[in-house]
$ cat entry-v7.pdb   # PDB, C-alpha atoms
MODEL        1
ATOM      1  CA  GLN A   1     103.476 -83.309  53.273
ATOM      2  CA  VAL A   2      99.706 -83.095  53.016
ATOM      3  CA  GLN A   3      98.198 -79.662  52.501
ATOM      4  CA  LEU A   4      94.575 -78.656  52.128
ATOM      5  CA  VAL A   5      94.075 -74.954  51.385
ATOM      6  CA  GLU A   6      90.573 -73.500  51.429
ATOM      7  CA  SER A   7      89.485 -70.292  49.722
ATOM      8  CA  GLY A   8      86.293 -68.452  48.824
ATOM      9  CA  GLY A   9      84.827 -67.572  52.201
ATOM     10  CA  GLY A  10      83.471 -64.144  53.024
ATOM     11  CA  LEU A  11      80.444 -62.070  53.933
ATOM     12  CA  VAL A  12      77.196 -62.595  52.030
ATOM     13  CA  GLN A  13      73.606 -61.483  52.534
ATOM     14  CA  PRO A  14      70.861 -63.990  53.315
ATOM     15  CA  GLY A  15      69.683 -65.652  50.126
ATOM     16  CA  GLY A  16      73.049 -65.144  48.471
ATOM     17  CA  SER A  17      75.623 -67.625  47.202
ATOM     18  CA  LEU A  18      79.258 -68.457  47.800
ATOM     19  CA  ARG A  19      81.601 -71.011  46.302
ATOM     20  CA  LEU A  20      84.326 -72.522  48.446
ATOM     21  CA  SER A  21      87.339 -74.275  46.977
ATOM     22  CA  CYS A  22      89.960 -76.559  48.484
ATOM     23  CA  ALA A  23      93.264 -77.306  46.800
ATOM     24  CA  ALA A  24      94.956 -80.513  47.917
ATOM     25  CA  SER A  25      98.562 -81.598  47.663
ATOM     26  CA  GLY A  26     100.612 -84.446  49.054
ATOM     27  CA  ILE A  27      97.838 -87.035  48.772
ATOM     28  CA  ILE A  28      96.559 -89.445  46.145
ATOM     29  CA  PHE A  29      93.582 -87.171  45.680
ATOM     30  CA  SER A  30      91.543 -89.379  43.367
ATOM     31  CA  ILE A  31      91.099 -92.194  45.916
ATOM     32  CA  ASN A  32      90.221 -90.024  48.883
ATOM     33  CA  ILE A  33      86.827 -89.154  50.257
ATOM     34  CA  MET A  34      86.681 -85.358  50.240
ATOM     35  CA  SER A  35      84.339 -83.519  52.559
ATOM     36  CA  TRP A  36      83.365 -80.099  53.826
ATOM     37  CA  TYR A  37      82.583 -79.539  57.483
ATOM     38  CA  ARG A  38      81.615 -76.420  59.374
ATOM     39  CA  GLN A  39      81.848 -75.260  62.943
ATOM     40  CA  ALA A  40      79.872 -72.385  64.401
ATOM     41  CA  PRO A  41      80.864 -70.746  67.719
ATOM     42  CA  GLY A  42      79.887 -72.953  70.639
ATOM     43  CA  LYS A  43      78.815 -75.821  68.406
ATOM     44  CA  GLN A  44      80.343 -79.109  67.291
ATOM     45  CA  ARG A  45      81.902 -79.478  63.882
ATOM     46  CA  GLU A  46      79.357 -80.928  61.457
ATOM     47  CA  LEU A  47      79.457 -82.443  58.001
ATOM     48  CA  VAL A  48      77.900 -80.372  55.203
ATOM     49  CA  GLY A  49      78.883 -82.441  52.185
ATOM     50  CA  ALA A  50      81.003 -85.410  51.151
ATOM     51  CA  ILE A  51      82.032 -86.860  47.811
ATOM     52  CA  ASN A  52      83.715 -90.215  47.246
ATOM     53  CA  SER A  53      86.177 -91.282  44.597
ATOM     54  CA  GLY A  54      83.344 -92.356  42.291
ATOM     55  CA  GLY A  55      81.539 -89.044  42.557
ATOM     56  CA  GLY A  56      78.835 -90.208  44.946
ATOM     57  CA  THR A  57      77.691 -87.460  47.285
ATOM     58  CA  HIS A  58      76.079 -87.134  50.690
ATOM     59  CA  TYR A  59      74.492 -84.145  52.405
ATOM     60  CA  PRO A  60      72.753 -83.624  55.725
ATOM     61  CA  ASP A  61      69.138 -82.493  55.563
ATOM     62  CA  SER A  62      70.122 -79.012  56.779
ATOM     63  CA  VAL A  63      71.844 -78.194  53.468
ATOM     64  CA  LYS A  64      70.302 -80.665  51.008
ATOM     65  CA  GLY A  65      69.067 -78.870  47.910
ATOM     66  CA  ARG A  66      71.113 -75.745  48.703
ATOM     67  CA  PHE A  67      74.724 -76.976  48.775
ATOM     68  CA  THR A  68      76.528 -78.933  46.057
ATOM     69  CA  ILE A  69      79.917 -80.581  46.466
ATOM     70  CA  SER A  70      82.054 -81.407  43.440
ATOM     71  CA  ARG A  71      85.587 -82.552  42.733
ATOM     72  CA  ASP A  72      88.115 -82.216  39.936
ATOM     73  CA  ASN A  73      90.592 -85.071  40.186
ATOM     74  CA  ALA A  74      92.770 -83.614  37.429
ATOM     75  CA  LYS A  75      93.269 -80.408  39.435
ATOM     76  CA  ASN A  76      93.166 -81.976  42.933
ATOM     77  CA  THR A  77      90.399 -79.642  44.001
ATOM     78  CA  VAL A  78      87.062 -79.998  45.735
ATOM     79  CA  SER A  79      84.437 -77.271  45.755
ATOM     80  CA  LEU A  80      81.296 -76.446  47.678
ATOM     81  CA  GLN A  81      78.658 -74.343  45.951
ATOM     82  CA  MET A  82      76.393 -72.798  48.559
ATOM     83  CA  ASN A  83      73.099 -71.226  47.470
ATOM     84  CA  SER A  84      70.171 -69.714  49.355
ATOM     85  CA  LEU A  85      72.434 -69.030  52.308
ATOM     86  CA  LYS A  86      70.896 -68.462  55.716
ATOM     87  CA  PRO A  87      72.284 -66.744  58.826
ATOM     88  CA  GLU A  88      72.520 -70.160  60.467
ATOM     89  CA  ASP A  89      75.042 -71.183  57.798
ATOM     90  CA  THR A  90      77.523 -68.788  59.403
ATOM     91  CA  ALA A  91      80.557 -70.808  60.495
ATOM     92  CA  VAL A  92      84.160 -71.649  59.764
ATOM     93  CA  TYR A  93      84.175 -74.138  56.897
ATOM     94  CA  TYR A  94      86.837 -76.837  56.764
ATOM     95  CA  CYS A  95      88.015 -79.086  53.947
ATOM     96  CA  ASN A  96      88.692 -82.706  54.895
ATOM     97  CA  SER A  97      90.441 -85.545  53.125
ATOM     98  CA  PHE A  98      90.196 -89.155  54.232
ATOM     99  CA  SER A  99      91.391 -92.520  53.037
ATOM    100  CA  ALA A 100      92.001 -95.703  54.997
ATOM    101  CA  ARG A 101      95.474 -95.865  53.481
ATOM    102  CA  THR A 102      96.733 -92.339  54.108
ATOM    103  CA  GLY A 103      94.633 -91.068  56.984
ATOM    104  CA  ASN A 104      92.564 -88.018  57.860
ATOM    105  CA  TYR A 105      93.586 -84.426  57.098
ATOM    106  CA  TRP A 106      92.078 -80.974  57.631
ATOM    107  CA  GLY A 107      92.520 -77.573  56.084
ATOM    108  CA  GLN A 108      92.915 -74.407  58.125
ATOM    109  CA  GLY A 109      89.325 -73.275  57.578
ATOM    110  CA  THR A 110      87.640 -70.326  55.908
ATOM    111  CA  GLN A 111      85.049 -68.044  57.499
ATOM    112  CA  VAL A 112      81.585 -67.759  55.986
ATOM    113  CA  THR A 113      79.323 -65.069  57.427
ATOM    114  CA  VAL A 114      75.713 -64.697  56.312
ATOM    115  CA  SER A 115      74.323 -61.380  57.491
ATOM    116  CA  LEU A 116      72.596 -58.219  56.342
TER     117      LEU A 116
ENDMDL
END
$ encode --input "entry-v7.pdb" --output "structure tokens"
Amino acid sequence: QVQLVESGGGLVQPGGSLRLSCAASGIIFSINIMSWYRQAPGKQRELVGAINSGGGTHYPDSVKGRFTISRDNAKNTVSLQMNSLKPEDTAVYYCNSFSARTGNYWGQGTQVTVSL
């Protein structure tokens, strides 16, 4: 059974930082593309960072230079370091795991709120 469990969300002031973590089980973690998505109220879910099995990363322009995704294959975890947070970063953040062999899986999400 595949499980992705996110942690680390919370309330932070603009300009602050948060680190999200996702612990994976039930998958061959090292071969999967791991990603973080977010969904704000009334908006579509959007990608905020992805990392492949070789460590290559991709970010949309909206977070480039502020967010960093990393993975630890020995611990089956993927993290998202978020710096210089803005109110528009407020959303539920989701961990995602994908491989052509095993499919697409989502975590339950963790709330990030950026506000004074």
$ closest_residue --input "entry-v7.pdb" --among "A:Ala23, A:Gln1, A:Gly107, A:Thr90" --to "Val78 of chain A" --atoms "all atoms listed in the file"
A:Ala23
$ resolve_selection --input "entry-v7.pdb" --expression "the PyMOL selection byres ((chain A and resi 19) around 8)" --output "JSON, numbers by chain"
{"A": [8, 9, 17, 18, 20, 21, 79, 80, 81, 82]}
$ residues_around --input "entry-v7.pdb" --residues "Lys64 of chain A" --least-positions-apart "3" --cutoff "12 Å" --atoms "all atoms listed in the file" --output "number ranges by chain"
A: 47-50, 57-61, 67-69, 81-85
$ write_last_selection --input "entry-v7.pdb" --atoms "C-alpha atoms" --output "PDB file, in the frame of the given file"
ATOM      1  CA  LEU A  47      79.457 -82.443  58.001  1.00  0.00           C
ATOM      2  CA  VAL A  48      77.900 -80.372  55.203  1.00  0.00           C
ATOM      3  CA  GLY A  49      78.883 -82.441  52.185  1.00  0.00           C
ATOM      4  CA  ALA A  50      81.003 -85.410  51.151  1.00  0.00           C
ATOM      5  CA  THR A  57      77.691 -87.460  47.285  1.00  0.00           C
ATOM      6  CA  HIS A  58      76.079 -87.134  50.690  1.00  0.00           C
ATOM      7  CA  TYR A  59      74.492 -84.145  52.405  1.00  0.00           C
ATOM      8  CA  PRO A  60      72.753 -83.624  55.725  1.00  0.00           C
ATOM      9  CA  ASP A  61      69.138 -82.493  55.563  1.00  0.00           C
ATOM     10  CA  PHE A  67      74.724 -76.976  48.775  1.00  0.00           C
ATOM     11  CA  THR A  68      76.528 -78.933  46.057  1.00  0.00           C
ATOM     12  CA  ILE A  69      79.917 -80.581  46.466  1.00  0.00           C
ATOM     13  CA  GLN A  81      78.658 -74.343  45.951  1.00  0.00           C
ATOM     14  CA  MET A  82      76.393 -72.798  48.559  1.00  0.00           C
ATOM     15  CA  ASN A  83      73.099 -71.226  47.470  1.00  0.00           C
ATOM     16  CA  SER A  84      70.171 -69.714  49.355  1.00  0.00           C
ATOM     17  CA  LEU A  85      72.434 -69.030  52.308  1.00  0.00           C
TER      18      LEU A  85
END
$ resolve_selection --input "entry-v7.pdb" --expression "the PyMOL selection byres ((chain A and resi 26) around 6)" --output "number ranges by chain"
A: 1-2, 25, 27
$ residues_around --input "entry-v7.pdb" --residues "Gln108 of chain A" --least-positions-apart "4" --cutoff "8 Å" --atoms "all atoms listed in the file" --output "list in words"
Leu4, Val5, Glu6, Tyr94 and Cys95 of chain A
$ closest_residue --input "entry-v7.pdb" --among "A:Pro14, A:Ala24, A:Tyr37, A:Phe98" --to "Ser53 of chain A" --atoms "all atoms listed in the file"
A:Phe98
$ atom_distance --input "entry-v7.pdb" --atom1 "atom CA of Ser70 of chain A" --atom2 "atom CA of Lys86 of chain A"
21.0 Å
$ resolve_selection --input "entry-v7.pdb" --expression "the PyMOL selection byres ((chain A and resi 115) around 8)" --output "PDB file with C-alpha atoms, in the coordinates of the input"
ATOM      1  CA  LEU A  11      80.444 -62.070  53.933  1.00  0.00           C
ATOM      2  CA  VAL A  12      77.196 -62.595  52.030  1.00  0.00           C
ATOM      3  CA  GLN A  13      73.606 -61.483  52.534  1.00  0.00           C
ATOM      4  CA  PRO A  14      70.861 -63.990  53.315  1.00  0.00           C
ATOM      5  CA  PRO A  87      72.284 -66.744  58.826  1.00  0.00           C
ATOM      6  CA  THR A 113      79.323 -65.069  57.427  1.00  0.00           C
ATOM      7  CA  VAL A 114      75.713 -64.697  56.312  1.00  0.00           C
ATOM      8  CA  LEU A 116      72.596 -58.219  56.342  1.00  0.00           C
TER       9      LEU A 116
END
$ residues_around --input "entry-v7.pdb" --residues "Arg38 of chain A" --least-positions-apart "3" --cutoff "6 Å" --atoms "all atoms listed in the file" --output "PyMOL selection string"
chain A and resi 45-46+91-94
$ decode --input "entry-v7.pdb" --residues "segment 10-87 of chain A" --atoms "C-alpha atoms" --output "JSON list (two decimals), in the first residue's frame"
[["chain", "number", "residue", "atom", "x", "y", "z"],
["A", 10, "GLY", "CA", 1.79, 26.06, 9.22],
["A", 11, "LEU", "CA", 1.41, 29.81, 9.56],
["A", 12, "VAL", "CA", 4.34, 32.06, 8.65],
["A", 13, "GLN", "CA", 4.77, 35.79, 8.11],
["A", 14, "PRO", "CA", 5.60, 37.20, 4.68],
["A", 15, "GLY", "CA", 9.32, 36.89, 4.03],
["A", 16, "GLY", "CA", 9.59, 33.87, 6.30],
["A", 17, "SER", "CA", 10.55, 30.27, 5.59],
["A", 18, "LEU", "CA", 9.03, 26.83, 5.97],
["A", 19, "ARG", "CA", 10.29, 23.36, 5.20],
["A", 20, "LEU", "CA", 7.84, 20.69, 4.09],
["A", 21, "SER", "CA", 8.65, 17.00, 4.23],
["A", 22, "CYS", "CA", 7.02, 13.96, 2.67],
["A", 23, "ALA", "CA", 7.66, 10.43, 3.85],
["A", 24, "ALA", "CA", 6.92, 7.71, 1.31],
["A", 25, "SER", "CA", 6.26, 4.02, 1.78],
["A", 26, "GLY", "CA", 5.06, 1.21, -0.43],
["A", 27, "ILE", "CA", 6.90, 2.41, -3.54],
["A", 28, "ILE", "CA", 10.33, 1.95, -5.07],
["A", 29, "PHE", "CA", 11.14, 5.49, -4.04],
["A", 30, "SER", "CA", 14.48, 5.85, -5.79],
["A", 31, "ILE", "CA", 13.04, 5.44, -9.31],
["A", 32, "ASN", "CA", 10.07, 7.73, -8.89],
["A", 33, "ILE", "CA", 9.70, 11.34, -9.89],
["A", 34, "MET", "CA", 8.78, 13.18, -6.69],
["A", 35, "SER", "CA", 6.96, 16.48, -6.83],
["A", 36, "TRP", "CA", 5.24, 19.11, -4.74],
["A", 37, "TYR", "CA", 2.02, 20.72, -5.91],
["A", 38, "ARG", "CA", -0.19, 23.32, -4.31],
["A", 39, "GLN", "CA", -3.81, 24.30, -4.57],
["A", 40, "ALA", "CA", -5.23, 27.60, -3.38],
["A", 41, "PRO", "CA", -9.00, 28.08, -2.86],
["A", 42, "GLY", "CA", -10.76, 28.48, -6.19],
["A", 43, "LYS", "CA", -7.64, 27.71, -8.19],
["A", 44, "GLN", "CA", -6.27, 24.69, -10.03],
["A", 45, "ARG", "CA", -3.58, 22.53, -8.50],
["A", 46, "GLU", "CA", -0.17, 23.65, -9.75],
["A", 47, "LEU", "CA", 3.33, 22.24, -9.72],
["A", 48, "VAL", "CA", 5.84, 24.01, -7.47],
["A", 49, "GLY", "CA", 8.80, 21.66, -7.75],
["A", 50, "ALA", "CA", 9.82, 18.28, -9.13],
["A", 51, "ILE", "CA", 12.89, 16.11, -8.75],
["A", 52, "ASN", "CA", 13.73, 13.02, -10.79],
["A", 53, "SER", "CA", 15.61, 9.90, -9.82],
["A", 54, "GLY", "CA", 18.91, 11.46, -10.90],
["A", 55, "GLY", "CA", 18.40, 14.58, -8.82],
["A", 56, "GLY", "CA", 17.41, 16.86, -11.69],
["A", 57, "THR", "CA", 14.95, 19.53, -10.63],
["A", 58, "HIS", "CA", 12.30, 21.72, -12.21],
["A", 59, "TYR", "CA", 10.48, 24.77, -10.87],
["A", 60, "PRO", "CA", 7.89, 27.14, -12.30],
["A", 61, "ASP", "CA", 8.93, 30.77, -12.58],
["A", 62, "SER", "CA", 6.60, 31.71, -9.71],
["A", 63, "VAL", "CA", 8.83, 29.96, -7.15],
["A", 64, "LYS", "CA", 12.21, 29.74, -8.90],
["A", 65, "GLY", "CA", 14.97, 31.05, -6.65],
["A", 66, "ARG", "CA", 12.77, 30.82, -3.54],
["A", 67, "PHE", "CA", 11.84, 27.13, -3.31],
["A", 68, "THR", "CA", 14.23, 24.17, -3.31],
["A", 69, "ILE", "CA", 13.18, 20.54, -3.65],
["A", 70, "SER", "CA", 15.44, 17.74, -2.45],
["A", 71, "ARG", "CA", 15.23, 14.01, -1.88],
["A", 72, "ASP", "CA", 16.86, 11.44, 0.37],
["A", 73, "ASN", "CA", 16.56, 8.03, -1.27],
["A", 74, "ALA", "CA", 17.98, 6.28, 1.80],
["A", 75, "LYS", "CA", 15.16, 7.66, 3.96],
["A", 76, "ASN", "CA", 12.42, 7.69, 1.28],
["A", 77, "THR", "CA", 11.75, 11.35, 1.87],
["A", 78, "VAL", "CA", 11.35, 14.43, -0.29],
["A", 79, "SER", "CA", 11.49, 17.95, 1.08],
["A", 80, "LEU", "CA", 10.55, 21.42, -0.07],
["A", 81, "GLN", "CA", 12.44, 24.36, 1.42],
["A", 82, "MET", "CA", 10.40, 27.51, 0.94],
["A", 83, "ASN", "CA", 12.06, 30.90, 1.50],
["A", 84, "SER", "CA", 10.91, 34.48, 1.03],
["A", 85, "LEU", "CA", 7.31, 33.36, 1.32],
["A", 86, "LYS", "CA", 4.57, 35.59, -0.02],
["A", 87, "PRO", "CA", 0.85, 35.73, 0.78]]
